[in-house]
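Novice: Next comes the structure file start_4.cif, holding mmCIF, C-alpha atoms and all ligand atoms.
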```cif
data_model
loop_
_atom_site.label_atom_id
_atom_site.label_comp_id
_atom_site.auth_asym_id
_atom_site.auth_seq_id
_atom_site.Cartn_x
_atom_site.Cartn_y
_atom_site.Cartn_z
CA MET A 273 4.34 -53.14 -32.32
CA LYS A 274 1.03 -52.49 -30.54
CA THR A 275 -1.94 -51.60 -32.70
CA VAL A 276 -5.43 -50.37 -31.98
CA ALA A 277 -8.60 -52.00 -33.34
CA ASP A 278 -10.51 -49.89 -35.83
CA ASN A 279 -14.27 -50.31 -36.44
CA PRO A 280 -14.92 -47.96 -39.34
CA LEU A 281 -18.43 -46.88 -40.27
CA PRO A 282 -19.69 -48.63 -43.45
CA HIS A 283 -18.76 -45.66 -45.65
CA GLU A 284 -15.34 -45.11 -44.13
CA PRO A 285 -12.12 -46.92 -44.89
CA SER A 286 -10.47 -48.97 -42.18
CA SER A 287 -7.03 -47.81 -41.22
CA ALA A 288 -4.72 -49.67 -38.90
CA VAL A 289 -3.56 -47.37 -36.14
CA LEU A 290 -0.42 -47.86 -34.14
CA PHE A 291 -0.92 -47.53 -30.40
CA ASP A 292 1.69 -44.79 -30.18
CA ASP A 293 -0.05 -42.75 -32.90
CA LEU A 294 -3.59 -43.06 -31.54
CA LEU A 295 -3.94 -39.69 -29.82
CA ALA A 296 -2.21 -37.87 -32.70
CA LYS A 297 -4.70 -39.53 -35.03
CA ILE A 298 -7.85 -38.84 -33.05
CA LEU A 299 -7.24 -35.44 -31.42
CA PRO A 300 -7.64 -33.32 -34.59
CA SER A 301 -11.06 -34.85 -35.23
CA LEU A 302 -12.16 -33.94 -31.69
CA ASN A 303 -11.29 -30.29 -32.24
CA ASP A 304 -14.50 -29.07 -33.88
CA GLY A 305 -16.05 -27.23 -30.94
CA ARG A 306 -18.49 -29.98 -30.00
CA PRO A 307 -18.33 -31.17 -26.39
CA ILE A 308 -16.19 -34.22 -25.69
CA TYR A 309 -17.74 -36.47 -23.07
CA VAL A 310 -15.47 -38.84 -21.20
CA VAL A 311 -17.61 -41.66 -19.85
CA THR A 312 -16.84 -44.56 -17.54
CA HIS A 313 -18.68 -47.57 -16.17
CA GLU A 314 -21.55 -47.48 -13.72
CA ARG A 315 -20.71 -47.78 -10.04
CA PRO A 316 -17.28 -46.37 -10.82
CA ASP A 317 -14.21 -47.47 -8.87
CA GLY A 318 -10.81 -45.80 -8.47
CA ASP A 319 -9.59 -46.83 -11.92
CA ALA A 320 -12.82 -45.62 -13.54
CA ILE A 321 -12.72 -42.22 -11.84
CA GLY A 322 -8.94 -42.01 -12.21
CA SER A 323 -8.97 -42.61 -15.97
CA GLN A 324 -12.03 -40.39 -16.45
CA THR A 325 -10.43 -37.55 -14.47
CA ALA A 326 -6.98 -37.89 -16.08
CA LEU A 327 -8.26 -37.95 -19.67
CA THR A 328 -10.78 -35.14 -19.16
CA ARG A 329 -8.12 -32.97 -17.57
CA TYR A 330 -5.59 -33.79 -20.30
CA LEU A 331 -8.07 -32.76 -23.02
CA TYR A 332 -9.05 -29.67 -21.04
CA ASN A 333 -5.36 -28.69 -20.85
CA LEU A 334 -5.31 -28.87 -24.66
CA HIS A 335 -8.13 -26.28 -24.63
CA LEU A 336 -10.69 -28.82 -25.80
CA PRO A 337 -14.25 -28.67 -24.38
CA ALA A 338 -13.95 -31.94 -22.45
CA PHE A 339 -16.32 -32.99 -19.67
CA ALA A 340 -16.47 -35.97 -17.37
CA LEU A 341 -20.01 -37.15 -18.05
CA CYS A 342 -21.20 -38.31 -14.63
CA THR A 343 -23.83 -40.99 -15.04
CA ASP A 344 -23.72 -42.43 -11.53
CA ASP A 345 -23.77 -39.85 -8.73
CA LYS A 346 -23.31 -42.45 -6.00
CA ILE A 347 -19.55 -42.20 -5.70
CA SER A 348 -17.52 -41.93 -2.52
CA GLU A 349 -16.32 -38.58 -1.24
CA THR A 350 -12.75 -39.72 -1.79
CA LEU A 351 -13.28 -40.43 -5.49
CA ARG A 352 -15.33 -37.26 -5.78
CA SER A 353 -12.30 -35.28 -4.57
CA PHE A 354 -10.37 -36.41 -7.67
CA LEU A 355 -13.23 -35.92 -10.12
CA ASP A 356 -14.01 -32.45 -8.81
CA ASN A 357 -10.79 -31.19 -10.43
CA VAL A 358 -12.26 -31.41 -13.93
CA PRO A 359 -15.29 -30.00 -15.78
CA GLN A 360 -18.28 -32.28 -15.31
CA CYS A 361 -21.78 -32.59 -16.61
CA SER A 362 -24.72 -34.82 -15.84
CA LEU A 363 -26.82 -37.02 -18.12
CA SER A 364 -29.55 -34.36 -18.24
CA GLU A 365 -27.04 -32.00 -19.88
CA PHE A 366 -25.89 -34.58 -22.42
CA THR A 367 -26.30 -33.71 -26.08
CA PRO A 368 -25.91 -36.31 -28.85
CA ASN A 369 -24.18 -33.65 -30.95
CA SER A 370 -20.91 -34.46 -29.25
CA HIS A 371 -17.85 -36.70 -29.15
CA ARG A 372 -17.84 -39.67 -26.79
CA ILE A 373 -14.94 -41.57 -25.26
CA ALA A 374 -15.27 -44.52 -22.88
CA VAL A 375 -12.60 -45.40 -20.30
CA ASP A 376 -12.36 -48.56 -18.17
CA ALA A 377 -15.52 -49.71 -19.99
CA GLY A 378 -15.02 -51.95 -23.01
CA ASP A 379 -18.56 -52.69 -24.04
CA ALA A 380 -21.84 -50.83 -24.26
CA SER A 381 -23.42 -52.72 -21.38
CA ARG A 382 -20.86 -51.16 -19.03
CA VAL A 383 -21.93 -47.56 -19.65
CA ALA A 384 -25.20 -45.91 -18.59
CA GLU A 385 -28.20 -47.25 -20.48
CA ALA A 386 -29.08 -43.82 -21.88
CA LEU A 387 -25.75 -43.70 -23.75
CA ARG A 388 -25.70 -47.17 -25.29
CA GLU A 389 -27.40 -46.15 -28.54
CA TYR A 390 -24.75 -43.53 -29.35
CA PRO A 391 -21.50 -44.37 -31.12
CA PHE A 392 -18.27 -43.89 -29.18
CA GLU A 393 -15.18 -42.68 -31.01
CA LEU A 394 -12.60 -44.08 -28.67
CA VAL A 395 -12.61 -46.85 -26.07
CA ILE A 396 -9.70 -47.27 -23.63
CA ASP A 397 -9.87 -50.36 -21.46
CA HIS A 398 -7.97 -53.24 -19.89
CA HIS A 399 -10.75 -55.80 -19.45
CA PRO A 400 -10.61 -58.95 -21.60
CA GLU A 401 -12.24 -58.43 -24.99
CA THR A 402 -15.82 -59.70 -25.32
CA ALA A 403 -17.99 -60.32 -28.39
CA ALA A 404 -20.27 -57.43 -27.41
CA GLY A 405 -17.23 -55.24 -26.83
CA ALA A 406 -15.69 -55.84 -30.24
CA VAL A 407 -18.33 -53.63 -31.90
CA PHE A 408 -18.32 -50.86 -29.27
CA GLY A 409 -16.38 -47.80 -30.33
CA ARG A 410 -14.53 -46.75 -33.47
CA TYR A 411 -10.99 -47.01 -32.09
CA ARG A 412 -10.67 -49.72 -29.48
CA CYS A 413 -7.57 -49.43 -27.38
CA ILE A 414 -7.87 -52.60 -25.29
CA GLN A 415 -4.77 -53.77 -23.43
CA SER A 416 -6.03 -56.67 -21.36
CA HIS A 417 -2.52 -57.55 -20.14
CA GLN A 418 -2.32 -54.23 -18.29
CA SER A 419 -3.37 -53.70 -14.69
CA SER A 420 -5.73 -50.80 -15.17
CA ALA A 421 -7.24 -48.38 -17.65
CA CYS A 422 -4.96 -45.79 -16.04
CA GLU A 423 -1.91 -47.83 -17.01
CA VAL A 424 -3.12 -47.93 -20.65
CA LEU A 425 -3.85 -44.22 -20.54
CA THR A 426 -0.41 -43.43 -19.05
CA ASP A 427 1.18 -45.16 -22.05
CA LEU A 428 -1.05 -43.31 -24.50
CA LEU A 429 -0.25 -39.94 -22.95
CA GLU A 430 3.46 -40.73 -22.76
CA ALA A 431 3.44 -41.72 -26.45
CA HIS A 432 1.84 -38.35 -27.15
CA ALA A 433 4.70 -36.54 -25.41
CA TYR A 434 2.83 -35.73 -22.21
CA LEU A 435 5.41 -34.22 -19.86
CA PHE A 436 3.77 -35.42 -16.61
CA ASP A 437 3.62 -31.80 -15.55
CA ASP A 438 0.03 -31.66 -14.26
CA PRO A 439 -0.42 -33.03 -10.71
CA ILE A 440 -4.15 -33.50 -11.30
CA VAL A 441 -3.55 -35.83 -14.26
CA ASN A 442 -0.69 -37.61 -12.46
CA ASP A 443 -2.59 -38.20 -9.20
CA ALA A 444 -5.62 -39.47 -11.12
CA LEU A 445 -3.47 -41.94 -13.09
CA TYR A 446 -1.85 -43.16 -9.87
CA LEU A 447 -5.30 -43.53 -8.28
CA GLY A 448 -6.22 -46.04 -11.00
CA LEU A 449 -2.96 -47.94 -10.61
CA ILE A 450 -3.30 -48.44 -6.85
CA SER A 451 -7.05 -49.09 -7.00
CA ASP A 452 -6.95 -51.90 -9.55
CA THR A 453 -3.76 -53.51 -8.21
CA GLY A 454 -4.89 -53.30 -4.57
CA ASN A 455 -1.94 -51.00 -3.87
CA PHE A 456 0.43 -53.26 -5.88
CA CYS A 457 -0.69 -56.51 -4.22
CA ASN A 458 -3.00 -58.16 -6.78
CA THR A 459 -1.88 -60.67 -9.41
CA ASN A 460 -2.09 -57.97 -12.11
CA THR A 461 0.90 -56.20 -10.53
CA ASN A 462 4.07 -56.58 -12.60
CA ALA A 463 7.25 -54.78 -13.61
CA GLU A 464 5.30 -52.57 -16.02
CA THR A 465 2.97 -51.49 -13.23
CA PHE A 466 5.96 -50.42 -11.16
CA ARG A 467 7.50 -48.66 -14.16
CA HIS A 468 4.33 -46.57 -14.48
CA ALA A 469 4.27 -45.94 -10.73
CA GLU A 470 7.93 -44.87 -10.90
CA ARG A 471 7.21 -42.50 -13.79
CA LEU A 472 4.35 -40.89 -11.85
CA THR A 473 6.27 -40.78 -8.56
CA ARG A 474 9.24 -39.09 -10.22
CA ALA A 475 6.77 -36.54 -11.57
CA GLY A 476 5.69 -35.67 -8.05
CA VAL A 477 2.98 -38.12 -7.00
CA ARG A 478 3.35 -38.96 -3.30
CA PRO A 479 2.51 -42.64 -2.76
CA HIS A 480 2.04 -42.23 0.99
CA THR A 481 -0.37 -39.31 0.58
CA MET A 482 -2.29 -41.16 -2.11
CA VAL A 483 -2.72 -44.26 0.07
CA GLN A 484 -3.83 -42.14 3.02
CA ARG A 485 -6.27 -40.30 0.80
CA LEU A 486 -7.70 -43.50 -0.64
CA TYR A 487 -7.68 -45.91 2.28
CA LYS A 488 -7.52 -43.86 5.47
CA SER A 489 -10.91 -42.34 4.94
CA GLN A 490 -13.28 -44.70 6.70
CA THR A 491 -16.13 -43.38 8.81
CA LEU A 492 -17.51 -45.10 11.91
CA GLN A 493 -20.59 -45.98 9.84
CA GLN A 494 -18.38 -47.80 7.35
CA LEU A 495 -16.65 -49.73 10.14
CA ARG A 496 -20.09 -50.72 11.45
CA LEU A 497 -21.05 -51.95 7.99
CA TYR A 498 -17.79 -53.92 7.85
CA GLU A 499 -18.62 -55.42 11.25
CA ILE A 500 -21.90 -56.76 9.84
CA PHE A 501 -20.10 -57.96 6.71
CA LEU A 502 -17.62 -59.95 8.83
CA SER A 503 -20.36 -61.35 11.06
CA ARG A 504 -21.92 -62.92 7.95
CA VAL A 505 -18.81 -64.81 6.81
CA ARG A 506 -19.53 -68.40 5.77
CA LEU A 507 -16.96 -70.98 4.73
CA TYR A 508 -17.18 -73.80 2.21
CA ALA A 509 -14.71 -76.38 0.88
CA ASP A 510 -12.71 -76.46 4.13
CA GLY A 511 -12.38 -72.72 4.19
CA ALA A 512 -11.14 -72.37 0.59
CA ILE A 513 -14.35 -70.55 -0.39
CA VAL A 514 -15.43 -67.56 1.72
CA PHE A 515 -18.81 -65.91 1.37
CA SER A 516 -20.40 -62.87 2.89
CA THR A 517 -23.64 -61.00 2.25
CA LEU A 518 -25.07 -57.53 2.73
CA THR A 519 -28.62 -56.40 2.13
CA GLU A 520 -30.38 -53.08 1.63
CA ALA A 521 -31.42 -53.22 5.29
CA ASP A 522 -27.76 -53.25 6.37
CA TYR A 523 -27.04 -50.05 4.46
CA GLU A 524 -30.10 -48.43 5.98
CA ALA A 525 -29.23 -49.58 9.52
CA THR A 526 -25.71 -48.16 9.29
CA GLY A 527 -26.53 -45.06 7.27
CA THR A 528 -24.23 -46.20 4.46
CA ARG A 529 -24.51 -46.86 0.73
CA ARG A 530 -23.33 -49.58 -1.61
CA THR A 531 -20.32 -47.47 -2.61
CA TYR A 532 -18.97 -47.90 0.92
CA THR A 533 -18.08 -51.54 0.30
CA GLU A 534 -15.07 -50.87 -1.93
CA GLY A 535 -12.42 -53.48 -1.13
CA PHE A 536 -14.64 -55.66 1.05
CA THR A 537 -14.46 -58.74 -1.21
CA SER A 538 -10.66 -58.75 -1.32
CA ARG A 539 -10.49 -58.52 2.46
CA LEU A 540 -12.22 -61.92 2.71
CA LEU A 541 -9.09 -63.34 1.11
CA LEU A 542 -7.07 -62.36 4.19
CA LEU A 543 -8.30 -65.61 5.73
CA LYS A 544 -5.39 -68.07 5.68
CA THR A 545 -7.36 -70.89 4.04
CA ALA A 546 -9.17 -68.69 1.50
CA LYS A 547 -8.67 -69.21 -2.22
CA ILE A 548 -11.93 -67.69 -3.46
CA ALA A 549 -14.10 -64.93 -2.02
CA ALA A 550 -17.67 -64.09 -2.95
CA PHE A 551 -19.49 -60.98 -1.80
CA ILE A 552 -23.24 -61.10 -2.39
CA GLU A 553 -25.24 -57.87 -2.26
CA LYS A 554 -28.99 -58.33 -2.21
CA THR A 555 -31.72 -55.81 -2.89
CA SER A 556 -35.38 -56.50 -3.58
CA THR A 557 -34.76 -56.30 -7.33
CA LEU A 558 -31.14 -57.32 -7.83
CA VAL A 559 -28.42 -59.65 -6.64
CA LYS A 560 -24.87 -58.50 -7.31
CA VAL A 561 -21.98 -60.88 -6.78
CA SER A 562 -18.29 -59.92 -6.69
CA LEU A 563 -15.80 -62.76 -7.02
CA ARG A 564 -12.08 -62.67 -6.18
CA SER A 565 -9.44 -65.38 -6.17
CA VAL A 566 -5.90 -65.49 -4.86
CA ASP A 567 -4.45 -67.09 -7.99
CA PRO A 568 -5.24 -67.40 -11.73
CA ALA A 569 -5.54 -71.16 -11.10
CA TYR A 570 -9.03 -70.32 -9.80
CA PRO A 571 -10.62 -68.49 -12.73
CA MET A 572 -13.43 -66.23 -11.57
CA ASN A 573 -14.34 -64.94 -15.03
CA THR A 574 -15.45 -68.41 -16.19
CA VAL A 575 -17.72 -68.70 -13.14
CA ALA A 576 -19.10 -65.20 -13.65
CA GLN A 577 -19.80 -65.98 -17.32
CA LYS A 578 -22.04 -68.88 -16.32
CA TRP A 579 -24.23 -66.30 -14.61
CA GLY A 580 -24.07 -63.75 -17.41
CA GLY A 581 -21.24 -61.76 -15.87
CA PHE A 582 -17.65 -61.08 -16.87
CA GLY A 583 -14.32 -59.85 -15.60
CA HIS A 584 -10.68 -60.73 -15.10
CA VAL A 585 -9.27 -64.12 -14.10
CA CYS A 586 -8.88 -63.16 -10.44
CA ALA A 587 -11.62 -60.53 -10.20
CA ALA A 588 -15.01 -60.89 -11.84
CA GLY A 589 -18.67 -60.48 -11.05
CA PHE A 590 -22.25 -60.73 -12.19
CA LYS A 591 -25.72 -59.35 -11.52
CA CYS A 592 -29.00 -61.21 -11.71
CA GLU A 593 -32.57 -61.08 -10.54
CA PRO A 594 -33.19 -62.45 -7.03
CA ASN A 595 -35.50 -65.22 -8.25
CA VAL A 596 -32.82 -66.81 -10.45
CA PHE A 597 -30.04 -66.64 -7.86
CA SER A 598 -29.18 -69.68 -5.79
CA GLU A 599 -26.33 -69.55 -3.32
CA GLU A 600 -26.06 -73.36 -3.39
CA GLU A 601 -25.56 -73.30 -7.17
CA LEU A 602 -22.92 -70.60 -6.84
CA VAL A 603 -21.09 -72.65 -4.22
CA GLU A 604 -21.20 -75.63 -6.61
CA SER A 605 -19.82 -73.54 -9.50
CA LEU A 606 -16.99 -72.36 -7.26
CA ARG A 607 -16.24 -75.86 -5.93
CA GLU A 608 -15.61 -76.92 -9.55
CA VAL A 609 -12.74 -74.49 -9.93
CA VAL A 610 -11.19 -74.54 -6.48
MN MN B 1 -10.20 -50.92 -14.19
#
```
Can you dump the structure from the file as structure tokens?

Specialist:
Amino acid sequence: MKTVADNPLPHEPSSAVLFDDLLAKILPSLNDGRPIYVVTHERPDGDAIGSQTALTRYLYNLHLPAFALCTDDKISETLRSFLDNVPQCSLSEFTPNSHRIAVDAGDASRVAEALREYPFELVIDHHPETAAGAVFGRYRCIQSHQSSACEVLTDLLEAHAYLFDDPIVNDALYLGLISDTGNFCNTNTNAETFRHAERLTRAGVRPHTMVQRLYKSQTLQQLRLYEIFLSRVRLYADGAIVFSTLTEADYEATGTRRTYTEGFTSRLLLLKTAKIAAFIEKTSTLVKVSLRSVDPAYPMNTVAQKWGGFGHVCAAGFKCEPNVFSEEELVESLREVV
């Protein structure tokens, strides 16, 4: 029987909540007229926008004043096309006299800085639990064995008798599934993932249309950026470790933005010899590294942790200041696990 972690306030009793009862338990308390903000992580990906859109729309359908609180406006046009189906508001419109729910973001450091001081009532995530995460949110619905926040959310909605009758909710849930599983190719893809995909497909989601919408949307500028990305490929450990780098100047030269690099890291793993891929993005103030591996035998989260980052076994990352980053040290850390 799945349960949900409960972090009661000091004056409130703790009450174990069964996963299947979570929405029934929490929805009445959200129905007091205050806005309900659904928040996701910064630099949101398909699962972040998918879970944010699906939950906001679901609450909206229940006539609750739910809004997707958009804290990072640099999202791709494709993801924007999903989000634009639900009521939204920006950080400048945020009021603390509200309810807050986080999706695909299990600890405070994942959400916008301006929101970290406010308590969240519900957290829905699939990232491995961290010490910082354990105290974030009253009800913590963390299912780290599941592929995506959208998969967790699909189960929650199904347990609450959602009839899968709203194409906007269904498409958004499917968006998260295909984004985080790399269209059912990554190691987090399993029978449960397909069961959820089947449920959504039977309800009317068109897999072909969704893939076209998500992946067949590249501009010439993006292809040019990818060309630069490929020209920078470097190999270590006999080709088992593949690196590439982009800088601010590359985005400027091609007229692109950092959001245009979705999926780049995984594509480095197409190389026959590749076991680990590292994508390094450099700006004058920040280095951001995305790590991917082909197999859980090469744990990327342990490497990311060394640098203050986190993530899943096969997909993790970290950020640091340029003066503390050393590519040689990163190569050494990766050699230890390959
Ligand atoms: Mn996710």

Novice: Against segment 348-367 of chain A, which residues of segment 413-489 of chain A fall within 8 Å? For each one I want the closest pair of atoms and the distance in Å (one decimal), counting all atoms listed in the file, rows by chain and increasing residue number, as a Markdown table.

Specialist:
```
| residue | atom | partner | partner_atom | distance |
| --- | --- | --- | --- | --- |
| A:Ile440 | CA | A:Asn357 | CA | 7.1 |
| A:Ala444 | CA | A:Phe354 | CA | 6.6 |
| A:Arg485 | CA | A:Thr350 | CA | 7.0 |
| A:Leu486 | CA | A:Thr350 | CA | 6.4 |
| A:Ser489 | CA | A:Thr350 | CA | 7.5 |
```

Novice: Mind checking which residues fall within 9 Å of Thr402 of chain A, counting all atoms listed in the file, ignoring those fewer than 5 positions away in the same chain, and posting them as a ChimeraX atom specification?

Specialist: /A:378-379,582

Novice: How about saving the chosen residues, C-alpha atoms kept, as a JSON list (two decimals), in the coordinates of the input?

Specialist:
```
[["chain", "number", "residue", "atom", "x", "y", "z"],
["A", 378, "GLY", "CA", -15.02, -51.95, -23.01],
["A", 379, "ASP", "CA", -18.56, -52.69, -24.04],
["A", 582, "PHE", "CA", -17.65, -61.08, -16.87]]
```

Novice: Can you measure atom CA of Gly583 of chain A to atom CA of Val559 of chain A for me? One decimal in Å is fine.

Specialist: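 Separating atom CA of Gly583 of chain A from atom CA of Val559 of chain A is a distance of 16.7 Å.
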
Novice: For atom CA of Val575 of chain A and atom CA of Ser562 of chain A, quote the distance in Å rounded to one decimal.

Specialist: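 Between atom CA of Val575 of chain A and atom CA of Ser562 of chain A the gap is 10.9 Å.
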
Novice: Would you work out the distance separating atom CA of Ala277 of chain A from atom CA of Arg412 of chain A, expressed in Å to one decimal?

Specialist: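 Atom-to-atom, atom CA of Ala277 of chain A to atom CA of Arg412 of chain A, that is 4.9 Å.
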
Novice: Which residues are near ligand MN 1 (chain B) in this structure, taking near to mean any atom at most 7 Å from a ligand atom and counting all atoms listed in the file? Format them as a ChimeraX atom specification.

Specialist: /A:319-320,376,398,420-421,452

Novice: Skipping near chain neighbours, those fewer than 4 positions away, what residues fall within 10 Å of Gly305 of chain A using only C-alpha atoms, listed as a list in words?

Specialist: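 What passes the distance filter is Leu336, Pro337, Ala338, Ser370 and His371 of chain A.
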
Novice: Pick from A:Arg530, A:His432, A:Arg382, A:His399: nearest to Ala296 of chain A, with all atoms listed in the file counted?

Specialist: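 The closest residue to Ala296 of chain A is A:His432.
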
Novice: Using all atoms listed in the file, find all polymer residues with an atom at most 10 Å away from the point (-10.0, -65.3, 5.6); report them as number ranges by chain.

Specialist: A: 502, 505, 507, 511-515, 538-549

Novice: Write out as number ranges by chain which residues come within 12 Å of Ile450 of chain A when counting only C-alpha atoms, dropping same-chain ones fewer than 2 positions away.

Specialist: A: 317-320, 322, 419-423, 443-448, 452-458, 460-461, 465-466, 468-469, 472, 479-480, 482-487, 535

Novice: Considering all atoms listed in the file, return as a ChimeraX atom specification whatever protein or nucleic-acid residues lie within 9 Å of Asn442 of chain A, sequence-local ones (same chain, fewer than 5 positions apart) excluded.

Specialist: /A:326,426,436-437,447,472-473,475-477

Novice: Find, counting all atoms listed in the file, the residue in A:Glu499, A:Ile552, A:Thr481, A:Leu302 that gets nearest to Ser598 of chain A.

Specialist: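 Result for the nearest residue to Ser598 of chain A: A:Ile552.
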
Novice: With 4 Å added on each side, what axis-aligned box encloses every listed atom of segment 567-584 of chain A? Give the centre and edge lengths in Å to one decimal, as lines of an AutoDock Vina configuration file.

Specialist:
```
center_x = -14.3
center_y = -65.5
center_z = -12.7
size_x = 27.8
size_y = 19.3
size_z = 17.4
```

Novice: Could you check which of A:Gln577, A:Pro594, A:Thr537, A:His335 is closest to Ser556 of chain A, using only C-alpha atoms?

Specialist: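 Looking at the shortest contact to Ser556 of chain A, the residue is A:Pro594.
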
Novice: Rank nothing, just name the residue among A:Ile308, A:Phe291, A:Thr517, A:Ile414 nearest to Thr555 of chain A, using only C-alpha atoms.

Specialist: A:Thr517

Novice: Can you complete the atoms of segment 486-507 of chain A to N, CA and C atoms and list them as a PDB file, in the coordinates of the input?

Specialist:
```pdb
ATOM      1  N   LEU A 486      -6.781 -42.472  -0.125  1.00  0.00           N
ATOM      2  CA  LEU A 486      -7.700 -43.500  -0.640  1.00  0.00           C
ATOM      3  C   LEU A 486      -8.206 -44.440   0.452  1.00  0.00           C
ATOM      4  N   TYR A 487      -7.299 -44.860   1.337  1.00  0.00           N
ATOM      5  CA  TYR A 487      -7.680 -45.910   2.280  1.00  0.00           C
ATOM      6  C   TYR A 487      -7.940 -45.421   3.702  1.00  0.00           C
ATOM      7  N   LYS A 488      -7.318 -44.319   4.099  1.00  0.00           N
ATOM      8  CA  LYS A 488      -7.520 -43.860   5.470  1.00  0.00           C
ATOM      9  C   LYS A 488      -8.641 -42.821   5.480  1.00  0.00           C
ATOM     10  N   SER A 489      -9.804 -43.285   5.081  1.00  0.00           N
ATOM     11  CA  SER A 489     -10.910 -42.340   4.940  1.00  0.00           C
ATOM     12  C   SER A 489     -12.223 -42.950   5.428  1.00  0.00           C
ATOM     13  N   GLN A 490     -12.094 -43.989   6.247  1.00  0.00           N
ATOM     14  CA  GLN A 490     -13.280 -44.700   6.700  1.00  0.00           C
ATOM     15  C   GLN A 490     -14.016 -43.928   7.805  1.00  0.00           C
ATOM     16  N   THR A 491     -15.333 -43.960   7.746  1.00  0.00           N
ATOM     17  CA  THR A 491     -16.130 -43.380   8.810  1.00  0.00           C
ATOM     18  C   THR A 491     -16.540 -44.496   9.775  1.00  0.00           C
ATOM     19  N   LEU A 492     -17.031 -44.091  10.950  1.00  0.00           N
ATOM     20  CA  LEU A 492     -17.510 -45.100  11.910  1.00  0.00           C
ATOM     21  C   LEU A 492     -18.643 -45.921  11.294  1.00  0.00           C
ATOM     22  N   GLN A 493     -19.483 -45.264  10.497  1.00  0.00           N
ATOM     23  CA  GLN A 493     -20.590 -45.980   9.840  1.00  0.00           C
ATOM     24  C   GLN A 493     -20.052 -47.095   8.943  1.00  0.00           C
ATOM     25  N   GLN A 494     -18.956 -46.793   8.237  1.00  0.00           N
ATOM     26  CA  GLN A 494     -18.380 -47.800   7.350  1.00  0.00           C
ATOM     27  C   GLN A 494     -17.804 -48.968   8.150  1.00  0.00           C
ATOM     28  N   LEU A 495     -17.178 -48.656   9.293  1.00  0.00           N
ATOM     29  CA  LEU A 495     -16.650 -49.730  10.140  1.00  0.00           C
ATOM     30  C   LEU A 495     -17.794 -50.601  10.675  1.00  0.00           C
ATOM     31  N   ARG A 496     -18.922 -49.957  10.988  1.00  0.00           N
ATOM     32  CA  ARG A 496     -20.090 -50.720  11.450  1.00  0.00           C
ATOM     33  C   ARG A 496     -20.610 -51.649  10.345  1.00  0.00           C
ATOM     34  N   LEU A 497     -20.612 -51.127   9.117  1.00  0.00           N
ATOM     35  CA  LEU A 497     -21.050 -51.950   7.990  1.00  0.00           C
ATOM     36  C   LEU A 497     -20.103 -53.134   7.810  1.00  0.00           C
ATOM     37  N   TYR A 498     -18.809 -52.873   7.969  1.00  0.00           N
ATOM     38  CA  TYR A 498     -17.790 -53.920   7.850  1.00  0.00           C
ATOM     39  C   TYR A 498     -17.970 -54.964   8.949  1.00  0.00           C
ATOM     40  N   GLU A 499     -18.355 -54.504  10.122  1.00  0.00           N
ATOM     41  CA  GLU A 499     -18.620 -55.420  11.250  1.00  0.00           C
ATOM     42  C   GLU A 499     -19.731 -56.411  10.867  1.00  0.00           C
ATOM     43  N   ILE A 500     -20.801 -55.885  10.276  1.00  0.00           N
ATOM     44  CA  ILE A 500     -21.900 -56.760   9.840  1.00  0.00           C
ATOM     45  C   ILE A 500     -21.411 -57.715   8.757  1.00  0.00           C
ATOM     46  N   PHE A 501     -20.652 -57.168   7.818  1.00  0.00           N
ATOM     47  CA  PHE A 501     -20.100 -57.960   6.710  1.00  0.00           C
ATOM     48  C   PHE A 501     -19.293 -59.143   7.259  1.00  0.00           C
ATOM     49  N   LEU A 502     -18.442 -58.879   8.256  1.00  0.00           N
ATOM     50  CA  LEU A 502     -17.620 -59.950   8.830  1.00  0.00           C
ATOM     51  C   LEU A 502     -18.460 -60.952   9.622  1.00  0.00           C
ATOM     52  N   SER A 503     -19.519 -60.444  10.257  1.00  0.00           N
ATOM     53  CA  SER A 503     -20.360 -61.350  11.060  1.00  0.00           C
ATOM     54  C   SER A 503     -21.110 -62.338  10.169  1.00  0.00           C
ATOM     55  N   ARG A 504     -21.185 -62.044   8.880  1.00  0.00           N
ATOM     56  CA  ARG A 504     -21.920 -62.920   7.950  1.00  0.00           C
ATOM     57  C   ARG A 504     -21.006 -63.881   7.198  1.00  0.00           C
ATOM     58  N   VAL A 505     -19.742 -63.941   7.558  1.00  0.00           N
ATOM     59  CA  VAL A 505     -18.810 -64.810   6.810  1.00  0.00           C
ATOM     60  C   VAL A 505     -19.224 -66.270   6.934  1.00  0.00           C
ATOM     61  N   ARG A 506     -19.245 -66.964   5.811  1.00  0.00           N
ATOM     62  CA  ARG A 506     -19.530 -68.400   5.770  1.00  0.00           C
ATOM     63  C   ARG A 506     -18.422 -69.084   4.970  1.00  0.00           C
ATOM     64  N   LEU A 507     -18.052 -70.267   5.399  1.00  0.00           N
ATOM     65  CA  LEU A 507     -16.960 -70.980   4.730  1.00  0.00           C
ATOM     66  C   LEU A 507     -17.465 -72.249   4.069  1.00  0.00           C
TER      67      LEU A 507
END
```
